[in-house]
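Q: One structure is given below, represented as structure tokens, and several questions about it will come after.
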Amino acid sequence: MTVIEKKTMSKDFYKTLGVERGASADDIKKAYRKLAMKYHPDQNKDNKEAETKFKEINEAYDILKDEKKRAAYDRFGAAAFDGSQGPFGGGGTSGAGNPFGGGFNNAGNFSDIFEDMFGSFMDGGMGGRGNGGAMRGNDMQYALDIDLEDAYFGKETTIRVPLNDTCDKCDGSGAEKGSKPETCTTCNGTGRVRAQQGFFTIERTCATCGGVGQMIKNPCKACSGTGRVRREKTLKVNIPKGIDGGRRIRLSGEGEAGVRGGPSGDLYILVGLKPHKFFKREGANLYCRVPIPMTTATLGGEIEVPTVDGKKAEVKVPGGTQTGQQFRLRGKGMPVIGSNTNGDMYIEIFVETPVNLNSKQKDMFKKLDKDLSGKDGKKYSPESSSFVKKMKDLWSDLTE
């Protein structure tokens, strides 16, 4: 199933942690530790605001502490990670086709505060890996930049995504044919163990089974008992007409394979638009800056302009057209997803001043300038005349 997701409201993770955009990893970690200790639920009993703030700073730190995630956030903003507790609850993301793992996990982040105190005791983190056995695979994210024309017409394209896929030899079980995993006796299949450290109860990943909850005595040789192998997956992606940059396309079940036969995650295609040599897009509308000769702007005429569908359109320019004046071509913009309508195209005029004039041409302009001086009482350049008048009035007021 393919799902198109709308843009979401942006989140400023740097502001959440109170650091500058160029802050170092150490500064980010220090800021997080300070805020996490202040807003931790154990320190703020029955305080919903503190609990909400604690979740926000954990979400921000989860992104900014990872170089790849931080790079993706700096490029795409929070759109690269919206749904971190939904579609990315236990999964990784990717940028430009290079996926990286690690989902948002409050407890996992908060363990950073205690790792210096308890050392290797925190080796598995507080987040754990669930109840063992089958686990859902990671969600993945892939950045796909397309041309404006592709967004206009729509297209089917092929992408290649490196990920962990189900091992064909053991069908994802991790065990050789004829054998099967057994329940871990250390954690009784939960994948996690608890230990008391002072007034803290620390929960960490079971070191015996690695958090899976099962042990494999005869592991599959092809995948070394993981049930998954690293390979590049080729997928077809349908780009719908009118899609805008920042939208996401979800390919259900095309993410990383699950562990021990668990369901696969989803693949999210984050669409970006490449810059266009003529057009600038704003929603469904297109803008095109068109230079015209001074003579055409003065006398009027017709000009040809390109359209995004590869055709041409004629625009009538009235005499006296000024730089910055816009003309609208109805329905010549981008398709609107979910409807049969298109946005508009706006032509913005730029009046070009002649250059490289010879002596004769310069004399002609001098004569024209004299003729247009306004001595006959006509205003050939009303804005210039108005500006000069206002300037004289200002000087007059200052000298009084």
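Letters for chains follow the order of the structure tokens (A, B, ...), residue numbers begin at 1 for each chain, and ligand numbers begin at 1 in the order shown.
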Counting only C-alpha atoms, what is within 12 Å of A:Thr52, bar same-chain residues fewer than 4 positions away, as an NGL selection string?
A: :A and (16 or 36 or 39-41 or 44 or 46-48 or 56-59 or 106)
Q: Can you check which residues of stretch 122-371 of chain A DSSP gives as strand (DSSP E) on the backbone and send them as JSON, numbers by chain?
A: {"A": [140, 141, 142, 143, 144, 145, 146, 155, 156, 157, 158, 159, 160, 161, 162, 163, 164, 165, 166, 182, 183, 192, 193, 194, 195, 196, 197, 200, 201, 202, 203, 204, 205, 214, 215, 228, 229, 230, 231, 232, 233, 234, 235, 236, 237, 238, 239, 248, 249, 250, 251, 267, 268, 269, 270, 271, 272, 273, 279, 280, 281, 282, 285, 286, 287, 288, 289, 290, 291, 292, 293, 301, 302, 303, 304, 305, 306, 312, 313, 314, 315, 316, 317, 326, 327, 328, 329, 345, 346, 347, 348, 349, 350, 351, 352]}
Q: Nearest to A:Ser173: which of A:Asn218, A:Ser396, A:Ser381, A:Asn188 is it, counting only C-alpha atoms?
A: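 Closest to A:Ser173 of all the choices is A:Asn218.
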Q: May I ask for the distance between atom CA of A:Gln43 and atom CA of A:Lys30, given in Å to one decimal place?
A: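 Computed distance, atom CA of A:Gln43 to atom CA of A:Lys30, equals 18.6 Å.
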Q: So, counting only C-alpha atoms, which residue among A:Lys316, A:Gly213, A:Ile63, A:Arg204 is closest to A:Thr190?
A: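 Looking at the shortest contact to A:Thr190, the residue is A:Gly213.
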Q: So that I can check the secondary structure, give me every residue of stretch 194-346 of chain A assigned helix (DSSP H, G or I) by backbone DSSP, as a list of chain:residue names.
A: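 Secondary structure check on stretch 194-346 of chain A, helix (DSSP H, G or I): A:Met294, A:Thr295, A:Thr296, A:Ala297, A:Thr298, A:Leu299.
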Q: Keeping only C-alpha atoms, write the selected residues as a JSON list (two decimals), in the first residue's frame.
A:
```json
[["chain", "number", "residue", "atom", "x", "y", "z"],
["A", 294, "MET", "CA", 13.00, 48.22, -22.73],
["A", 295, "THR", "CA", 11.34, 48.92, -26.09],
["A", 296, "THR", "CA", 8.80, 46.11, -25.57],
["A", 297, "ALA", "CA", 8.06, 47.34, -22.07],
["A", 298, "THR", "CA", 7.60, 50.88, -23.41],
["A", 299, "LEU", "CA", 5.60, 50.20, -26.56]]
```
Q: Separation of atom CA of A:Gly265 and atom CA of A:Arg136, in Å?
A: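 So the answer is 6.3 Å.
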Q: Using only C-alpha atoms, which residues sit within 9 Å of stretch 352-361 of chain A once same-chain residues fewer than 2 positions away are excluded, as a PyMOL selection string?
A: chain A and resi 291-294+297+323+350+363-366
Q: For the residues selected in the previous step, produce a file with N, CA, C and O atoms as a CSV table (one decimal), in the first residue's frame.
A:
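What landed in part_11.csv:
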```
chain,number,residue,atom,x,y,z
A,291,PRO,N,12.9,38.4,-18.5
A,291,PRO,CA,13.4,39.7,-19.0
A,291,PRO,C,12.8,40.1,-20.3
A,291,PRO,O,12.7,39.2,-21.2
A,292,ILE,N,12.5,41.4,-20.5
A,292,ILE,CA,12.0,41.9,-21.8
A,292,ILE,C,12.8,43.2,-22.1
A,292,ILE,O,13.3,43.9,-21.2
A,293,PRO,N,13.0,43.4,-23.4
A,293,PRO,CA,13.7,44.7,-23.8
A,293,PRO,C,12.9,45.9,-23.4
A,293,PRO,O,11.7,45.9,-23.2
A,294,MET,N,13.6,47.0,-23.2
A,294,MET,CA,13.0,48.2,-22.7
A,294,MET,C,12.0,48.7,-23.8
A,294,MET,O,11.0,49.3,-23.4
A,297,ALA,N,8.7,46.8,-23.3
A,297,ALA,CA,8.1,47.3,-22.1
A,297,ALA,C,7.4,48.7,-22.3
A,297,ALA,O,6.4,49.0,-21.8
A,323,THR,N,9.2,46.9,-14.3
A,323,THR,CA,9.8,45.8,-13.7
A,323,THR,C,9.0,45.4,-12.4
A,323,THR,O,8.6,46.2,-11.6
A,350,PHE,N,10.9,41.6,-15.9
A,350,PHE,CA,12.1,42.3,-15.6
A,350,PHE,C,12.5,43.1,-16.8
A,350,PHE,O,12.8,42.6,-17.9
A,363,ASP,N,23.4,59.0,-28.7
A,363,ASP,CA,22.8,60.3,-29.1
A,363,ASP,C,21.3,60.2,-29.2
A,363,ASP,O,20.6,61.2,-28.8
A,364,MET,N,20.8,59.1,-29.7
A,364,MET,CA,19.3,58.9,-29.9
A,364,MET,C,18.7,58.9,-28.5
A,364,MET,O,17.6,59.5,-28.3
A,365,PHE,N,19.3,58.2,-27.5
A,365,PHE,CA,18.8,58.2,-26.2
A,365,PHE,C,18.8,59.6,-25.5
A,365,PHE,O,17.9,59.9,-24.7
A,366,LYS,N,19.9,60.3,-25.8
A,366,LYS,CA,20.0,61.7,-25.2
A,366,LYS,C,18.9,62.6,-25.7
A,366,LYS,O,18.3,63.3,-25.0
```
Q: Quick one, how far is atom CA of A:Arg330 from atom CA of A:Ile243?
A: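 Computing it gives 19.4 Å between the two atoms.
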Q: Which residues come within 7 Å of A:Gly246, counting only C-alpha atoms, excluding same-chain residues fewer than 2 positions away, as an MDAnalysis selection string?
A: chainID A and resid 7 79 244 248 270:272
Q: Mind writing the picked residues with all heavy atoms as an mmCIF file, in the first residue's frame?
A:
```cif
data_model
loop_
_atom_site.group_PDB
_atom_site.id
_atom_site.type_symbol
_atom_site.label_atom_id
_atom_site.label_comp_id
_atom_site.auth_asym_id
_atom_site.auth_seq_id
_atom_site.Cartn_x
_atom_site.Cartn_y
_atom_site.Cartn_z
ATOM 1 N N LYS A 7 2.887 17.542 4.746
ATOM 2 C CA LYS A 7 3.922 18.164 5.564
ATOM 3 C C LYS A 7 3.396 18.353 6.982
ATOM 4 O O LYS A 7 2.214 18.582 7.202
ATOM 5 C CB LYS A 7 4.307 19.540 5.002
ATOM 6 C CG LYS A 7 4.987 19.492 3.652
ATOM 7 C CD LYS A 7 5.303 20.891 3.193
ATOM 8 C CE LYS A 7 5.965 20.918 1.845
ATOM 9 N NZ LYS A 7 6.248 22.274 1.376
ATOM 10 N N ALA A 79 10.289 17.093 9.308
ATOM 11 C CA ALA A 79 9.562 16.220 8.384
ATOM 12 C C ALA A 79 10.289 14.901 8.184
ATOM 13 O O ALA A 79 9.685 13.888 7.867
ATOM 14 C CB ALA A 79 9.384 16.925 7.036
ATOM 15 N N ASP A 244 4.588 17.631 -3.849
ATOM 16 C CA ASP A 244 5.463 18.754 -3.512
ATOM 17 C C ASP A 244 6.635 18.263 -2.671
ATOM 18 O O ASP A 244 6.579 17.185 -2.066
ATOM 19 C CB ASP A 244 4.672 19.808 -2.733
ATOM 20 C CG ASP A 244 5.313 21.183 -2.805
ATOM 21 O OD1 ASP A 244 6.431 21.279 -3.344
ATOM 22 O OD2 ASP A 244 4.702 22.161 -2.329
ATOM 23 N N ARG A 248 5.913 12.765 1.982
ATOM 24 C CA ARG A 248 6.459 11.430 2.131
ATOM 25 C C ARG A 248 5.521 10.407 1.496
ATOM 26 O O ARG A 248 4.305 10.529 1.580
ATOM 27 C CB ARG A 248 6.675 11.071 3.607
ATOM 28 C CG ARG A 248 7.636 11.981 4.324
ATOM 29 C CD ARG A 248 8.105 11.397 5.634
ATOM 30 N NE ARG A 248 7.008 10.944 6.474
ATOM 31 C CZ ARG A 248 7.183 10.327 7.636
ATOM 32 N NH1 ARG A 248 8.409 10.088 8.063
ATOM 33 N NH2 ARG A 248 6.159 9.952 8.365
ATOM 34 N N LEU A 270 11.081 10.191 1.239
ATOM 35 C CA LEU A 270 10.990 11.628 1.482
ATOM 36 C C LEU A 270 11.344 12.345 0.180
ATOM 37 O O LEU A 270 12.478 12.294 -0.291
ATOM 38 C CB LEU A 270 11.940 12.053 2.595
ATOM 39 C CG LEU A 270 11.912 13.526 2.992
ATOM 40 C CD1 LEU A 270 10.531 13.920 3.502
ATOM 41 C CD2 LEU A 270 12.956 13.805 4.048
ATOM 42 N N VAL A 271 10.361 13.004 -0.408
ATOM 43 C CA VAL A 271 10.520 13.612 -1.730
ATOM 44 C C VAL A 271 11.070 15.030 -1.614
ATOM 45 O O VAL A 271 10.592 15.838 -0.812
ATOM 46 C CB VAL A 271 9.167 13.636 -2.475
ATOM 47 C CG1 VAL A 271 9.312 14.322 -3.835
ATOM 48 C CG2 VAL A 271 8.648 12.217 -2.665
ATOM 49 N N GLY A 272 12.085 15.312 -2.410
ATOM 50 C CA GLY A 272 12.636 16.664 -2.516
ATOM 51 C C GLY A 272 12.613 17.107 -3.967
ATOM 52 O O GLY A 272 12.731 16.281 -4.882
#
```
Q: Between A:Val351, A:Met135, A:Val336, A:Ala195, single out the one closest to A:Thr321, counting only C-alpha atoms.
A: A:Val351
